[in-house]
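> Have a look at the structure that comes next, please.
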Amino acid sequence: MDLRFIGKDPKSGDHGSPAVWVDGENRDLVIQGWTADGRTLEESAKDVRLPGHESVIKVPRRLIPQLREAIRVAESD
């Protein structure tokens, strides 16, 4: 697998943190985030059923610049 690291939560220090990569083979975004709490899962399930092979994650607002960069990379040739 060819993952290109884009960035991580700038406030996380040296700990595990929300982060984003772009898969170099298919241009998918790979996102590490906080596991959603029960209330978030309940609310999101009102719109889209959550199958067993998927997860709901929360990504902090401060990661938006890295997400924009990941989208730019994923959409480039």
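Letters A, B, ... mark the chains of the structure tokens in the order given; residue numbers begin at 1 per chain; ligand numbers begin at 1, in order shown.
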Any idea what's packed within 12 Å of Gly38 (chain A), counting only C-alpha atoms, ignoring anything in its chain fewer than 6 positions away? Could you give it as a PyMOL selection string?
chain A and resi 44-45+56-57
> For those residues, write N, CA, C and O atoms to a file as an mmCIF file, in the first residue's frame.

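Output contents, as saved in selection-v1.cif:
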```
data_model
loop_
_atom_site.group_PDB
_atom_site.id
_atom_site.type_symbol
_atom_site.label_atom_id
_atom_site.label_comp_id
_atom_site.auth_asym_id
_atom_site.auth_seq_id
_atom_site.Cartn_x
_atom_site.Cartn_y
_atom_site.Cartn_z
ATOM 1 N N SER A 44 -26.386 10.078 13.776
ATOM 2 C CA SER A 44 -25.985 9.790 12.396
ATOM 3 C C SER A 44 -26.789 8.628 11.818
ATOM 4 O O SER A 44 -27.065 8.597 10.616
ATOM 5 N N ALA A 45 -27.207 7.689 12.652
ATOM 6 C CA ALA A 45 -27.990 6.545 12.183
ATOM 7 C C ALA A 45 -29.376 6.955 11.692
ATOM 8 O O ALA A 45 -30.019 6.206 10.958
ATOM 9 N N VAL A 56 -18.109 5.302 12.432
ATOM 10 C CA VAL A 56 -18.323 6.741 12.430
ATOM 11 C C VAL A 56 -17.204 7.325 13.285
ATOM 12 O O VAL A 56 -16.970 6.881 14.406
ATOM 13 N N ILE A 57 -16.503 8.293 12.732
ATOM 14 C CA ILE A 57 -15.437 8.958 13.475
ATOM 15 C C ILE A 57 -15.721 10.447 13.517
ATOM 16 O O ILE A 57 -16.461 10.974 12.686
#
```
> For region 30-33 of chain A, work out the shell of residues within 7 Å, counting only C-alpha atoms and skipping chain neighbours fewer than 6 positions away, then give it as a list in words.
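My list of contacting residues is Ser17, Pro18, Ala19, Val20, Trp21, Val22, Asp23, Ile57, Lys58 and Val59 of chain A.
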> Keeping only N, CA and C atoms, write those residues as a compact mmCIF listing (two decimals), in the first residue's frame.

```txt
# COMPACT_ATOMS: atom_id res chain seq x y z
N SER A 17 -3.33 10.70 17.22
CA SER A 17 -4.20 11.84 16.98
C SER A 17 -4.96 11.68 15.69
N PRO A 18 -6.02 12.47 15.52
CA PRO A 18 -6.67 12.50 14.22
C PRO A 18 -5.65 12.87 13.15
N ALA A 19 -5.69 12.15 12.04
CA ALA A 19 -4.71 12.35 10.97
C ALA A 19 -5.35 11.98 9.64
N VAL A 20 -4.68 12.36 8.56
CA VAL A 20 -5.20 12.06 7.23
C VAL A 20 -4.07 11.66 6.28
N TRP A 21 -4.36 10.68 5.43
CA TRP A 21 -3.46 10.19 4.39
C TRP A 21 -4.22 10.12 3.08
N VAL A 22 -3.50 10.02 1.97
CA VAL A 22 -4.10 9.73 0.67
C VAL A 22 -3.49 8.43 0.17
N ASP A 23 -4.35 7.50 -0.24
CA ASP A 23 -3.91 6.23 -0.81
C ASP A 23 -3.41 6.52 -2.22
N ILE A 57 -16.50 8.29 12.73
CA ILE A 57 -15.44 8.96 13.47
C ILE A 57 -15.72 10.45 13.52
N LYS A 58 -15.11 11.11 14.47
CA LYS A 58 -15.19 12.57 14.54
C LYS A 58 -13.79 13.10 14.30
N VAL A 59 -13.72 14.14 13.50
CA VAL A 59 -12.44 14.78 13.18
C VAL A 59 -12.51 16.22 13.67
```
> For Arg27 (chain A), which residue out of A:Arg61, A:His15, A:Arg4, A:Arg39 is the nearest one, using only C-alpha atoms?
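That would be A:Arg4, the residue with the smallest distance to Arg27 (chain A).
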> In chain A, what's alpha helix (DSSP H) per DSSP? Answer as a ChimeraX atom specification?
/A:38-45,64-75
> Can you measure CA of Pro65 (chain A) to CA of Gly16 (chain A) for me? One decimal in Å is fine.
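Those two atoms sit 18.4 Å apart.
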> Rounded to one decimal place, report the CA of Gly52 (chain A)-CA of Asp37 (chain A) distance in Å.
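CA of Asp37 (chain A) lies at a distance of 16.0 Å from CA of Gly52 (chain A).
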> Hey, what does DSSP flag as strand (DSSP E) within chain A? Can you give it to me as a ChimeraX atom specification?
/A:3-8,19-23,29-32,34-35,57-58
> Filtering to all heavy atoms, could you give me those residues as a compact mmCIF listing (two decimals), in the first residue's frame?

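To be explicit, this is the file written out as selection_16.txt:
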```txt
# COMPACT_ATOMS: atom_id res chain seq x y z
N LEU A 3 0.63 4.81 1.07
CA LEU A 3 -0.07 5.89 1.75
C LEU A 3 0.82 7.12 1.82
O LEU A 3 1.97 7.04 2.24
CB LEU A 3 -0.45 5.49 3.18
CG LEU A 3 -1.60 4.52 3.35
CD1 LEU A 3 -1.86 4.28 4.83
CD2 LEU A 3 -2.86 5.03 2.67
N ARG A 4 0.25 8.25 1.45
CA ARG A 4 0.97 9.53 1.57
C ARG A 4 0.41 10.27 2.77
O ARG A 4 -0.76 10.65 2.80
CB ARG A 4 0.78 10.35 0.30
CG ARG A 4 1.44 11.71 0.40
CD ARG A 4 1.35 12.47 -0.89
NE ARG A 4 1.81 13.82 -0.72
CZ ARG A 4 1.80 14.73 -1.67
NH1 ARG A 4 1.38 14.40 -2.88
NH2 ARG A 4 2.22 15.94 -1.44
N PHE A 5 1.25 10.47 3.77
CA PHE A 5 0.84 11.17 4.99
C PHE A 5 0.67 12.65 4.66
O PHE A 5 1.57 13.28 4.11
CB PHE A 5 1.88 10.98 6.08
CG PHE A 5 1.56 11.69 7.36
CD1 PHE A 5 0.47 11.32 8.12
CD2 PHE A 5 2.35 12.73 7.79
CE1 PHE A 5 0.18 11.97 9.31
CE2 PHE A 5 2.08 13.40 8.98
CZ PHE A 5 0.98 13.01 9.74
N ILE A 6 -0.48 13.20 5.01
CA ILE A 6 -0.76 14.62 4.76
C ILE A 6 -0.55 15.43 6.03
O ILE A 6 0.06 16.48 6.01
CB ILE A 6 -2.20 14.81 4.22
CG1 ILE A 6 -2.40 14.03 2.92
CG2 ILE A 6 -2.49 16.30 4.03
CD1 ILE A 6 -1.48 14.42 1.78
N GLY A 7 -1.07 14.95 7.14
CA GLY A 7 -0.89 15.70 8.38
C GLY A 7 -1.74 15.15 9.50
O GLY A 7 -2.55 14.25 9.31
N LYS A 8 -1.51 15.71 10.70
CA LYS A 8 -2.26 15.28 11.87
C LYS A 8 -2.71 16.51 12.66
O LYS A 8 -2.30 17.63 12.38
CB LYS A 8 -1.41 14.36 12.74
CG LYS A 8 -0.22 15.04 13.38
CD LYS A 8 0.55 14.03 14.23
CE LYS A 8 1.58 14.76 15.06
NZ LYS A 8 1.32 14.69 16.46
N ALA A 19 -5.69 12.15 12.04
CA ALA A 19 -4.71 12.35 10.97
C ALA A 19 -5.35 11.98 9.64
O ALA A 19 -6.42 11.37 9.60
CB ALA A 19 -3.48 11.47 11.23
N VAL A 20 -4.68 12.36 8.56
CA VAL A 20 -5.20 12.06 7.23
C VAL A 20 -4.07 11.66 6.28
O VAL A 20 -2.96 12.20 6.35
CB VAL A 20 -6.01 13.26 6.67
CG1 VAL A 20 -5.17 14.48 6.49
CG2 VAL A 20 -6.73 12.90 5.38
N TRP A 21 -4.36 10.68 5.43
CA TRP A 21 -3.46 10.19 4.39
C TRP A 21 -4.22 10.12 3.08
O TRP A 21 -5.45 10.10 3.08
CB TRP A 21 -2.99 8.76 4.69
CG TRP A 21 -2.21 8.56 5.93
CD1 TRP A 21 -0.85 8.44 6.04
CD2 TRP A 21 -2.70 8.40 7.26
NE1 TRP A 21 -0.48 8.22 7.34
CE2 TRP A 21 -1.60 8.19 8.12
CE3 TRP A 21 -3.97 8.41 7.83
CZ2 TRP A 21 -1.73 8.00 9.48
CZ3 TRP A 21 -4.11 8.22 9.20
CH2 TRP A 21 -2.99 8.02 10.01
N VAL A 22 -3.50 10.02 1.97
CA VAL A 22 -4.10 9.73 0.67
C VAL A 22 -3.49 8.43 0.17
O VAL A 22 -2.27 8.26 0.18
CB VAL A 22 -3.84 10.87 -0.35
CG1 VAL A 22 -4.38 10.49 -1.73
CG2 VAL A 22 -4.48 12.17 0.13
N ASP A 23 -4.35 7.50 -0.24
CA ASP A 23 -3.91 6.23 -0.81
C ASP A 23 -3.41 6.52 -2.22
O ASP A 23 -4.17 6.97 -3.08
CB ASP A 23 -5.08 5.25 -0.83
CG ASP A 23 -4.70 3.87 -1.30
OD1 ASP A 23 -3.86 3.76 -2.22
OD2 ASP A 23 -5.24 2.89 -0.77
N LEU A 29 -9.18 8.77 0.58
CA LEU A 29 -8.69 9.40 1.80
C LEU A 29 -8.74 8.38 2.92
O LEU A 29 -9.70 7.63 3.05
CB LEU A 29 -9.56 10.60 2.18
CG LEU A 29 -9.64 11.75 1.18
CD1 LEU A 29 -10.47 12.89 1.78
CD2 LEU A 29 -8.29 12.23 0.76
N VAL A 30 -7.71 8.34 3.74
CA VAL A 30 -7.66 7.48 4.92
C VAL A 30 -7.60 8.42 6.11
O VAL A 30 -6.70 9.26 6.21
CB VAL A 30 -6.42 6.55 4.87
CG1 VAL A 30 -6.33 5.72 6.14
CG2 VAL A 30 -6.47 5.67 3.62
N ILE A 31 -8.58 8.29 7.00
CA ILE A 31 -8.71 9.24 8.10
C ILE A 31 -8.72 8.51 9.43
O ILE A 31 -9.46 7.55 9.62
CB ILE A 31 -10.00 10.08 7.95
CG1 ILE A 31 -9.95 10.87 6.64
CG2 ILE A 31 -10.20 11.00 9.15
CD1 ILE A 31 -11.22 11.60 6.30
N GLN A 32 -7.89 8.97 10.34
CA GLN A 32 -7.90 8.51 11.72
C GLN A 32 -8.56 9.59 12.53
O GLN A 32 -8.20 10.77 12.43
CB GLN A 32 -6.47 8.29 12.21
CG GLN A 32 -6.37 7.90 13.67
CD GLN A 32 -4.92 7.68 14.09
OE1 GLN A 32 -4.10 7.24 13.31
NE2 GLN A 32 -4.63 8.02 15.33
N TRP A 34 -11.40 10.42 16.20
CA TRP A 34 -11.91 9.98 17.49
C TRP A 34 -13.10 9.06 17.25
O TRP A 34 -13.95 9.34 16.40
CB TRP A 34 -12.34 11.16 18.34
CG TRP A 34 -11.24 12.12 18.65
CD1 TRP A 34 -9.97 11.80 19.08
CD2 TRP A 34 -11.28 13.54 18.58
NE1 TRP A 34 -9.24 12.93 19.28
CE2 TRP A 34 -10.02 14.03 18.97
CE3 TRP A 34 -12.25 14.45 18.21
CZ2 TRP A 34 -9.72 15.38 19.02
CZ3 TRP A 34 -11.95 15.79 18.25
CH2 TRP A 34 -10.70 16.24 18.65
N THR A 35 -13.20 8.00 17.99
CA THR A 35 -14.36 7.12 17.90
C THR A 35 -15.59 7.92 18.36
O THR A 35 -15.57 8.56 19.41
CB THR A 35 -14.17 5.89 18.79
OG1 THR A 35 -12.99 5.20 18.37
CG2 THR A 35 -15.36 4.96 18.71
N ILE A 57 -16.50 8.29 12.73
CA ILE A 57 -15.44 8.96 13.47
C ILE A 57 -15.72 10.45 13.52
O ILE A 57 -16.46 10.97 12.69
CB ILE A 57 -14.05 8.70 12.85
CG1 ILE A 57 -13.99 9.26 11.43
CG2 ILE A 57 -13.68 7.25 12.89
CD1 ILE A 57 -12.60 9.35 10.86
N LYS A 58 -15.11 11.11 14.47
CA LYS A 58 -15.19 12.57 14.54
C LYS A 58 -13.79 13.10 14.30
O LYS A 58 -12.81 12.56 14.81
CB LYS A 58 -15.70 13.02 15.91
CG LYS A 58 -17.16 12.70 16.13
CD LYS A 58 -17.66 13.22 17.46
CE LYS A 58 -18.10 14.64 17.31
NZ LYS A 58 -18.82 15.14 18.50
```
